[in-house]
file entry_22.txt (compact mmCIF, C-alpha atoms)
# COMPACT_ATOMS: atom_id res chain seq x y z
CA MET A 280 131.21 118.93 100.17
CA SER A 281 134.30 117.25 98.73
CA HIS A 282 136.43 119.23 96.32
CA PRO A 283 136.38 117.60 92.86
CA ALA A 284 140.14 117.01 93.02
CA SER A 285 139.59 114.73 96.01
CA LEU A 286 137.24 112.38 94.23
CA PRO A 287 138.69 108.92 93.49
CA LEU A 288 139.15 108.22 89.79
CA ILE A 289 137.22 105.09 88.82
CA GLY A 290 137.97 103.40 85.51
CA VAL A 291 134.93 101.78 83.90
CA THR A 292 135.48 99.35 81.04
CA SER A 293 133.58 99.94 77.82
CA ASP A 294 132.09 97.86 75.04
CA HIS A 295 133.08 98.24 71.39
CA GLU A 296 130.86 98.25 68.33
CA SER A 297 132.03 98.00 64.73
CA GLY A 298 129.71 100.71 63.45
CA GLY A 299 127.22 100.75 60.63
CA PRO A 300 124.66 102.83 58.76
CA GLU A 301 121.93 102.39 61.38
CA GLN A 302 124.15 102.71 64.46
CA TYR A 303 125.48 105.65 66.46
CA SER A 304 128.30 105.98 63.94
CA ALA A 305 129.26 104.39 60.65
CA PHE A 306 132.71 103.94 62.17
CA PRO A 307 133.79 101.88 65.22
CA TRP A 308 132.70 103.33 68.56
CA TYR A 309 132.82 102.61 72.27
CA ALA A 310 129.64 102.03 74.26
CA LEU A 311 128.79 102.26 77.96
CA ARG A 312 125.38 102.36 79.60
CA ALA A 313 124.86 105.70 81.36
CA ASN A 314 123.81 104.24 84.72
CA TYR A 315 127.26 102.70 85.23
CA MET A 316 128.66 106.22 85.33
CA GLY A 317 125.71 107.63 87.25
CA ALA A 318 126.00 105.00 89.97
CA VAL A 319 129.69 105.77 90.47
CA ILE A 320 128.95 109.49 90.70
CA LYS A 321 126.18 108.88 93.24
CA ALA A 322 128.61 106.79 95.29
CA GLY A 323 131.13 109.64 95.37
CA GLY A 324 133.53 108.62 92.61
CA LEU A 325 134.74 110.27 89.42
CA PRO A 326 134.15 107.78 86.57
CA VAL A 327 136.11 107.61 83.35
CA ALA A 328 135.49 105.23 80.43
CA LEU A 329 138.47 103.10 79.42
CA PRO A 330 139.47 102.26 75.83
CA HIS A 331 140.57 98.86 74.58
CA ALA A 332 144.34 99.14 74.71
CA PRO A 333 145.99 96.21 76.53
CA CYS A 334 149.44 97.68 75.90
CA LEU A 335 148.46 100.68 78.04
CA ALA A 336 146.82 98.73 80.87
CA ASP A 337 149.64 99.41 83.34
CA GLU A 338 149.61 103.12 82.50
CA MET A 339 145.85 103.37 82.96
CA ILE A 340 145.83 101.44 86.22
CA ALA A 341 148.67 103.57 87.59
CA ARG A 342 146.40 106.62 87.27
CA LEU A 343 143.23 105.03 88.64
CA ASP A 344 141.99 104.57 92.20
CA GLY A 345 139.52 101.79 91.35
CA LEU A 346 138.44 99.59 88.44
CA ILE A 347 134.97 98.42 87.41
CA VAL A 348 134.86 95.61 84.83
CA THR A 349 131.41 95.85 83.28
CA GLY A 350 129.10 93.29 81.72
CA GLY A 351 128.00 92.92 78.11
CA ALA A 352 126.14 90.76 75.62
CA PHE A 353 129.06 88.43 74.90
CA ASP A 354 130.84 85.42 76.40
CA ILE A 355 134.28 84.87 77.90
CA ASP A 356 136.47 82.70 75.67
CA PRO A 357 136.46 79.21 77.25
CA SER A 358 140.16 78.82 76.43
CA LEU A 359 140.83 81.25 79.29
CA TYR A 360 139.63 78.63 81.75
CA GLY A 361 140.89 75.54 79.95
CA ALA A 362 137.63 74.44 78.31
CA GLN A 363 136.52 73.71 74.77
CA ARG A 364 134.04 76.08 73.21
CA GLU A 365 130.54 74.61 73.24
CA ALA A 366 127.86 75.39 70.66
CA LEU A 367 125.95 77.77 72.94
CA THR A 368 129.02 79.88 73.65
CA THR A 369 128.51 81.90 70.51
CA THR A 370 129.44 85.55 70.88
CA LEU A 371 133.04 86.38 71.75
CA LYS A 372 134.73 89.79 71.82
CA PRO A 373 138.45 88.96 71.91
CA SER A 374 139.72 92.54 71.84
CA ARG A 375 137.47 93.55 74.72
CA THR A 376 138.36 90.47 76.77
CA ASP A 377 142.09 90.97 76.14
CA SER A 378 141.82 94.59 77.28
CA GLU A 379 139.75 93.85 80.37
CA LEU A 380 142.00 90.95 81.38
CA ALA A 381 145.09 93.16 81.05
CA LEU A 382 143.44 95.84 83.18
CA LEU A 383 142.28 93.30 85.73
CA ASN A 384 145.70 91.70 86.05
CA ALA A 385 147.41 95.08 86.38
CA ALA A 386 144.88 96.14 89.04
CA ARG A 387 145.44 92.96 91.02
CA VAL A 388 149.22 93.48 90.96
CA ARG A 389 148.71 96.93 92.51
CA ASP A 390 145.93 95.69 94.83
CA LEU A 391 143.66 98.33 93.30
CA PRO A 392 140.00 98.03 94.35
CA VAL A 393 138.13 95.99 91.73
CA LEU A 394 134.43 95.45 91.16
CA GLY A 395 133.44 92.93 88.47
CA ILE A 396 129.85 93.15 87.25
CA CYS A 397 128.08 90.28 85.43
CA GLY A 398 130.57 89.31 82.70
CA GLY A 399 133.18 91.17 84.74
CA MET A 400 132.62 88.70 87.58
CA GLN A 401 133.00 85.80 85.15
CA LEU A 402 136.28 87.21 83.85
CA LEU A 403 137.46 87.70 87.43
CA ALA A 404 136.69 84.04 88.16
CA ALA A 405 138.71 82.95 85.13
CA ALA A 406 141.61 85.20 86.16
CA LEU A 407 141.58 83.56 89.59
CA GLY A 408 141.76 80.04 88.17
CA GLY A 409 138.03 79.33 88.08
CA THR A 410 135.75 77.90 85.40
CA LEU A 411 132.35 78.76 83.93
CA ILE A 412 129.10 77.03 83.05
CA GLN A 413 128.82 77.86 79.36
CA ASP A 414 125.02 77.74 79.26
CA ILE A 415 122.89 77.51 82.39
CA ALA A 416 119.69 76.38 80.66
CA THR A 417 121.49 73.44 78.99
CA GLU A 418 123.46 72.26 81.98
CA ARG A 419 120.99 73.20 84.69
CA PRO A 420 117.48 72.95 83.17
CA ASP A 421 116.00 73.19 86.67
CA ALA A 422 117.63 76.58 87.30
CA LEU A 423 115.84 79.89 87.69
CA PRO A 424 115.42 82.05 84.55
CA HIS A 425 118.72 83.92 84.89
CA GLU A 426 117.87 85.88 81.76
CA GLN A 427 114.83 87.32 83.47
CA PRO A 428 111.72 88.04 81.39
CA ASN A 429 110.87 91.27 83.25
CA PRO A 430 112.76 94.56 82.71
CA ARG A 431 116.37 94.71 83.88
CA ASP A 432 115.65 97.60 86.23
CA GLN A 433 113.51 95.25 88.31
CA ALA A 434 114.52 92.35 90.55
CA GLY A 435 114.52 88.88 89.03
CA HIS A 436 115.30 86.71 92.05
CA ILE A 437 116.81 86.62 95.53
CA VAL A 438 120.43 85.90 96.43
CA THR A 439 121.62 84.66 99.80
CA LEU A 440 124.84 86.20 101.07
CA THR A 441 127.59 84.16 102.68
CA PRO A 442 128.24 85.29 106.27
CA ASP A 443 131.71 86.52 107.22
CA THR A 444 132.58 87.61 103.68
CA LEU A 445 133.40 91.14 102.59
CA LEU A 446 130.14 91.36 100.65
CA GLY A 447 128.16 90.05 103.59
CA ARG A 448 129.70 92.64 105.90
CA ILE A 449 129.02 95.42 103.41
CA VAL A 450 125.36 94.58 102.86
CA GLU A 451 124.69 93.66 106.51
CA ARG A 452 121.72 91.50 105.54
CA ALA A 453 121.25 87.83 104.76
CA SER A 454 119.76 88.34 101.30
CA MET A 455 119.25 90.77 98.43
CA ALA A 456 116.77 91.15 95.58
CA VAL A 457 118.77 91.39 92.34
CA ASN A 458 118.25 91.56 88.60
CA SER A 459 119.53 88.81 86.33
CA SER A 460 120.80 89.00 82.76
CA HIS A 461 123.19 86.14 82.02
CA HIS A 462 123.18 82.71 80.40
CA GLN A 463 126.60 81.72 81.76
CA ALA A 464 127.72 81.45 85.37
CA VAL A 465 130.72 80.64 87.54
CA ARG A 466 131.09 76.91 88.01
CA ASP A 467 134.26 76.88 90.14
CA PRO A 468 135.53 80.14 91.70
CA GLY A 469 139.16 79.02 91.68
CA ARG A 470 141.16 80.98 94.27
CA ALA A 471 138.14 83.20 94.98
CA ILE A 472 135.55 82.44 97.63
CA ILE A 473 131.79 82.39 97.10
CA SER A 474 129.97 85.26 98.78
CA ALA A 475 126.43 84.81 97.37
CA ARG A 476 124.26 82.20 95.67
CA ALA A 477 120.86 82.27 94.00
CA GLU A 478 118.02 80.15 95.32
CA ASP A 479 118.89 77.46 92.75
CA GLY A 480 122.50 77.29 93.91
CA ILE A 481 124.01 79.28 91.02
CA ILE A 482 127.00 81.32 92.21
CA GLU A 483 126.06 85.00 92.28
CA ALA A 484 129.07 86.69 93.91
CA ILE A 485 132.74 85.92 94.49
CA GLU A 486 135.65 87.75 96.10
CA ASP A 487 139.40 87.40 96.41
CA PRO A 488 140.08 86.96 100.14
CA HIS A 489 143.71 88.03 99.69
CA ALA A 490 142.88 91.41 98.12
CA ARG A 491 141.92 94.63 99.84
CA PHE A 492 138.75 94.88 97.73
CA CYS A 493 138.17 92.51 94.83
CA VAL A 494 134.51 91.55 94.46
CA GLY A 495 132.51 90.17 91.55
CA VAL A 496 128.70 90.12 91.41
CA GLN A 497 126.61 88.40 88.76
CA TRP A 498 123.86 91.02 88.88
CA HIS A 499 123.94 94.69 87.89
CA PRO A 500 124.21 96.86 91.03
CA GLU A 501 124.34 100.04 88.92
CA PHE A 502 120.54 99.81 88.63
CA LEU A 503 120.36 100.35 92.43
CA ILE A 504 117.41 97.98 92.84
CA ASP A 505 118.26 96.81 96.36
CA PRO A 506 119.73 98.89 99.22
CA GLY A 507 122.63 96.45 99.14
CA ASP A 508 123.56 97.73 95.66
CA ARG A 509 124.09 101.23 96.98
CA ALA A 510 126.03 99.86 99.95
CA LEU A 511 128.29 97.81 97.64
CA LEU A 512 129.09 100.76 95.38
CA ALA A 513 129.68 103.02 98.38
CA ALA A 514 132.09 100.49 99.90
CA PHE A 515 133.92 100.14 96.59
CA VAL A 516 134.33 103.91 96.25
CA ALA A 517 135.41 104.13 99.90
CA ALA A 518 138.13 101.56 99.17
CA ALA A 519 139.19 103.64 96.16
CA ILE A 520 139.37 106.75 98.35
CA HIS A 521 141.58 104.84 100.79
CA ASN A 522 143.77 103.78 97.87
CA LYS A 523 144.01 107.38 96.68
CA THR A 524 145.03 108.77 100.05
CA THR A 525 147.43 105.89 100.74
CA VAL A 526 149.23 106.22 97.40
CA SER A 527 149.38 110.03 97.51
CA GLY A 528 150.15 110.19 101.20
CA ASP A 529 147.44 112.82 101.47
CA GLY A 530 144.81 112.06 104.04
CA VAL A 531 142.73 115.11 103.17
call {"tool": "encode", "arguments": {"input": "entry_22.txt", "output": "structure tokens"}}
result
Amino acid sequence: MSHPASLPLIGVTSDHESGGPEQYSAFPWYALRANYMGAVIKAGGLPVALPHAPCLADEMIARLDGLIVTGGAFDIDPSLYGAQREALTTTLKPSRTDSELALLNAARVRDLPVLGICGGMQLLAAALGGTLIQDIATERPDALPHEQPNPRDQAGHIVTLTPDTLLGRIVERASMAVNSSHHQAVRDPGRAIISARAEDGIIEAIEDPHARFCVGVQWHPEFLIDPGDRALLAAFVAAAIHNKTTVSGDGV
């Protein structure tokens, strides 16, 4: 069994709530679903929740071996990808987006392993020069229900993986059953490449081909619905372990 000191330190971005009389606290608080942390632990990593502090992004990334940019019930500001805000892009969280973008940019400079989940994938696309569909149902009325009606710990649809991509090599299968909880989607991946699509053509995964490990998925692999989810998280943590041993010079 690995000694705890050998576990790669995985930063996991958090949400922020303003607080109130019927919430966890009357004062502002951070929020993070427990299965994000549990999935990292199961994959062999040591997770730590990250605060919203863009000015400390470089310091945080310097201490991490991998970064997970999580999803949330909010939208990416369209100004980040050169678009006007449409009526159905309603909920923005500027402080969270600023923090996650600073962390993401710092991680990319260091070639730190990155996994973007749901909104984290959308932010990754914007950071790589891509654009988003601001509301799938409006622009693509023939699309699948990407905000699935069944519980989020169940599959909502199938995605087809692109051969000869990092994600395709990790999963080692042509398709996966995934959950779906988003009303926006990547329109143009920018400098990223597409590594999975839904049956309706909606982009479901992207990756930066110039990075050691920089993958975004539109679904939530932390629910471990498909064997490919476990394989993806294991590969991400393995890349973080490689980063840890390379930076420290310690191959133990």
call {"tool": "closest_atom_pairs", "arguments": {"input": "entry_22.txt", "of": "stretch 398-450 of chain A", "to": "stretch 493-509 of chain A", "cutoff": "12 Å", "atoms": "only C-alpha atoms", "output": "Markdown table"}}
result
| residue | atom | partner | partner_atom | distance |
| --- | --- | --- | --- | --- |
| A:Gly398 | CA | A:Gln497 | CA | 7.3 |
| A:Gly399 | CA | A:Gly495 | CA | 6.9 |
| A:Met400 | CA | A:Gly495 | CA | 4.2 |
| A:Gln401 | CA | A:Gly495 | CA | 7.8 |
| A:Leu402 | CA | A:Gly495 | CA | 9.1 |
| A:Leu403 | CA | A:Gly495 | CA | 6.9 |
| A:Ala404 | CA | A:Gly495 | CA | 8.2 |
| A:Ala405 | CA | A:Gly495 | CA | 11.5 |
| A:Ala406 | CA | A:Gly495 | CA | 11.7 |
| A:Leu407 | CA | A:Cys493 | CA | 10.9 |
| A:His425 | CA | A:Trp498 | CA | 9.6 |
| A:Glu426 | CA | A:Trp498 | CA | 10.6 |
| A:Gln427 | CA | A:Trp498 | CA | 11.2 |
| A:Pro430 | CA | A:Phe502 | CA | 11.1 |
| A:Arg431 | CA | A:Phe502 | CA | 8.1 |
| A:Asp432 | CA | A:Phe502 | CA | 5.9 |
| A:Gln433 | CA | A:Ile504 | CA | 6.6 |
| A:Ala434 | CA | A:Ile504 | CA | 6.7 |
| A:Gly435 | CA | A:Trp498 | CA | 9.6 |
| A:His436 | CA | A:Trp498 | CA | 10.1 |
| A:Ile437 | CA | A:Asp505 | CA | 10.3 |
| A:Val438 | CA | A:Trp498 | CA | 9.7 |
| A:Thr439 | CA | A:Gly507 | CA | 11.9 |
| A:Leu440 | CA | A:Gly507 | CA | 10.7 |
| A:Thr444 | CA | A:Val494 | CA | 10.2 |
| A:Leu445 | CA | A:Val494 | CA | 8.2 |
| A:Leu446 | CA | A:Val494 | CA | 7.6 |
| A:Gly447 | CA | A:Gly507 | CA | 9.6 |
| A:Arg448 | CA | A:Gly507 | CA | 10.5 |
| A:Ile449 | CA | A:Gly507 | CA | 7.8 |
| A:Val450 | CA | A:Gly507 | CA | 5.0 |
call {"tool": "closest_residue", "arguments": {"input": "entry_22.txt", "among": "A:Ala332, A:Ile472, A:Leu411, A:Leu511", "to": "A:Met455", "atoms": "all atoms listed in the file"}}
result
A:Leu511
call {"tool": "closest_residue", "arguments": {"input": "entry_22.txt", "among": "A:Leu423, A:Leu329, A:Met339, A:Cys397", "to": "A:Arg375", "atoms": "all atoms listed in the file"}}
result
A:Leu329
call {"tool": "residues_near_point", "arguments": {"input": "entry_22.txt", "point": "(129.1, 100.3, 72.7)", "cutoff": "6 Å", "atoms": "all atoms listed in the file", "output": "short mmCIF file (atom, residue, chain, number, x, y, z; two decimals) with C-alpha atoms, in the frame of the given file"}}
result
data_model
loop_
_atom_site.label_atom_id
_atom_site.label_comp_id
_atom_site.auth_asym_id
_atom_site.auth_seq_id
_atom_site.Cartn_x
_atom_site.Cartn_y
_atom_site.Cartn_z
CA ASP A 294 132.09 97.86 75.04
CA HIS A 295 133.08 98.24 71.39
CA GLU A 296 130.86 98.25 68.33
CA TYR A 309 132.82 102.61 72.27
CA ALA A 310 129.64 102.03 74.26
CA LEU A 311 128.79 102.26 77.96
#
call {"tool": "closest_residue", "arguments": {"input": "entry_22.txt", "among": "A:Phe306, A:Ala475, A:Ile482, A:Ile289", "to": "A:Ala318", "atoms": "all atoms listed in the file"}}
result
A:Ile289
call {"tool": "closest_residue", "arguments": {"input": "entry_22.txt", "among": "A:Arg342, A:His331, A:Arg419, A:Lys372", "to": "A:Ile355", "atoms": "all atoms listed in the file"}}
result
A:Lys372
call {"tool": "closest_residue", "arguments": {"input": "entry_22.txt", "among": "A:Pro442, A:Pro468, A:Gly350, A:Pro373", "to": "A:Leu394", "atoms": "only C-alpha atoms"}}
result
A:Gly350
call {"tool": "closest_residue", "arguments": {"input": "entry_22.txt", "among": "A:His461, A:Arg364, A:Arg452, A:His521", "to": "A:Gly345", "atoms": "all atoms listed in the file"}}
result
A:His521
call {"tool": "axis_aligned_box", "arguments": {"input": "entry_22.txt", "around": "stretch 387-396 of chain A", "padding_each_side": "3 Å", "output": "AutoDock Vina command-line options"}}
result
--center_x 139.5 --center_y 95.6 --center_z 91.0 --size_x 25.4 --size_y 11.4 --size_z 13.6
call {"tool": "decode", "arguments": {"input": "entry_22.txt", "residues": "stretch 483-497 of chain A", "atoms": "N, CA and C atoms", "output": "short mmCIF file (atom, residue, chain, number, x, y, z; two decimals), in the first residue's frame"}}
result
data_model
loop_
_atom_site.label_atom_id
_atom_site.label_comp_id
_atom_site.auth_asym_id
_atom_site.auth_seq_id
_atom_site.Cartn_x
_atom_site.Cartn_y
_atom_site.Cartn_z
N GLU A 483 -19.09 16.22 -26.40
CA GLU A 483 -19.13 15.71 -25.03
C GLU A 483 -17.77 15.60 -24.37
N ALA A 484 -16.69 15.71 -25.13
CA ALA A 484 -15.35 15.67 -24.53
C ALA A 484 -14.37 16.36 -25.47
N ILE A 485 -13.41 17.07 -24.88
CA ILE A 485 -12.35 17.72 -25.64
C ILE A 485 -11.03 17.46 -24.93
N GLU A 486 -9.94 17.70 -25.62
CA GLU A 486 -8.62 17.59 -24.99
C GLU A 486 -7.62 18.47 -25.73
N ASP A 487 -6.63 18.91 -25.02
CA ASP A 487 -5.55 19.71 -25.60
C ASP A 487 -4.47 18.75 -26.08
N PRO A 488 -4.27 18.62 -27.39
CA PRO A 488 -3.31 17.64 -27.90
C PRO A 488 -1.87 17.99 -27.61
N HIS A 489 -1.63 19.24 -27.18
CA HIS A 489 -0.26 19.67 -26.90
C HIS A 489 0.12 19.54 -25.43
N ALA A 490 -0.84 19.14 -24.60
CA ALA A 490 -0.59 18.99 -23.16
C ALA A 490 -0.35 17.53 -22.81
N ARG A 491 0.31 17.33 -21.70
CA ARG A 491 0.53 15.96 -21.22
C ARG A 491 -0.79 15.29 -20.87
N PHE A 492 -1.64 15.99 -20.14
CA PHE A 492 -2.98 15.49 -19.80
C PHE A 492 -3.85 16.70 -19.54
N CYS A 493 -4.72 17.01 -20.50
CA CYS A 493 -5.65 18.12 -20.35
C CYS A 493 -6.93 17.73 -21.07
N VAL A 494 -7.88 17.20 -20.29
CA VAL A 494 -9.10 16.61 -20.84
C VAL A 494 -10.31 17.27 -20.19
N GLY A 495 -11.33 17.53 -21.00
CA GLY A 495 -12.60 18.02 -20.48
C GLY A 495 -13.71 17.09 -20.90
N VAL A 496 -14.59 16.75 -19.98
CA VAL A 496 -15.76 15.90 -20.29
C VAL A 496 -17.02 16.62 -19.85
N GLN A 497 -18.08 16.50 -20.64
CA GLN A 497 -19.31 17.21 -20.35
C GLN A 497 -20.14 16.52 -19.28
#
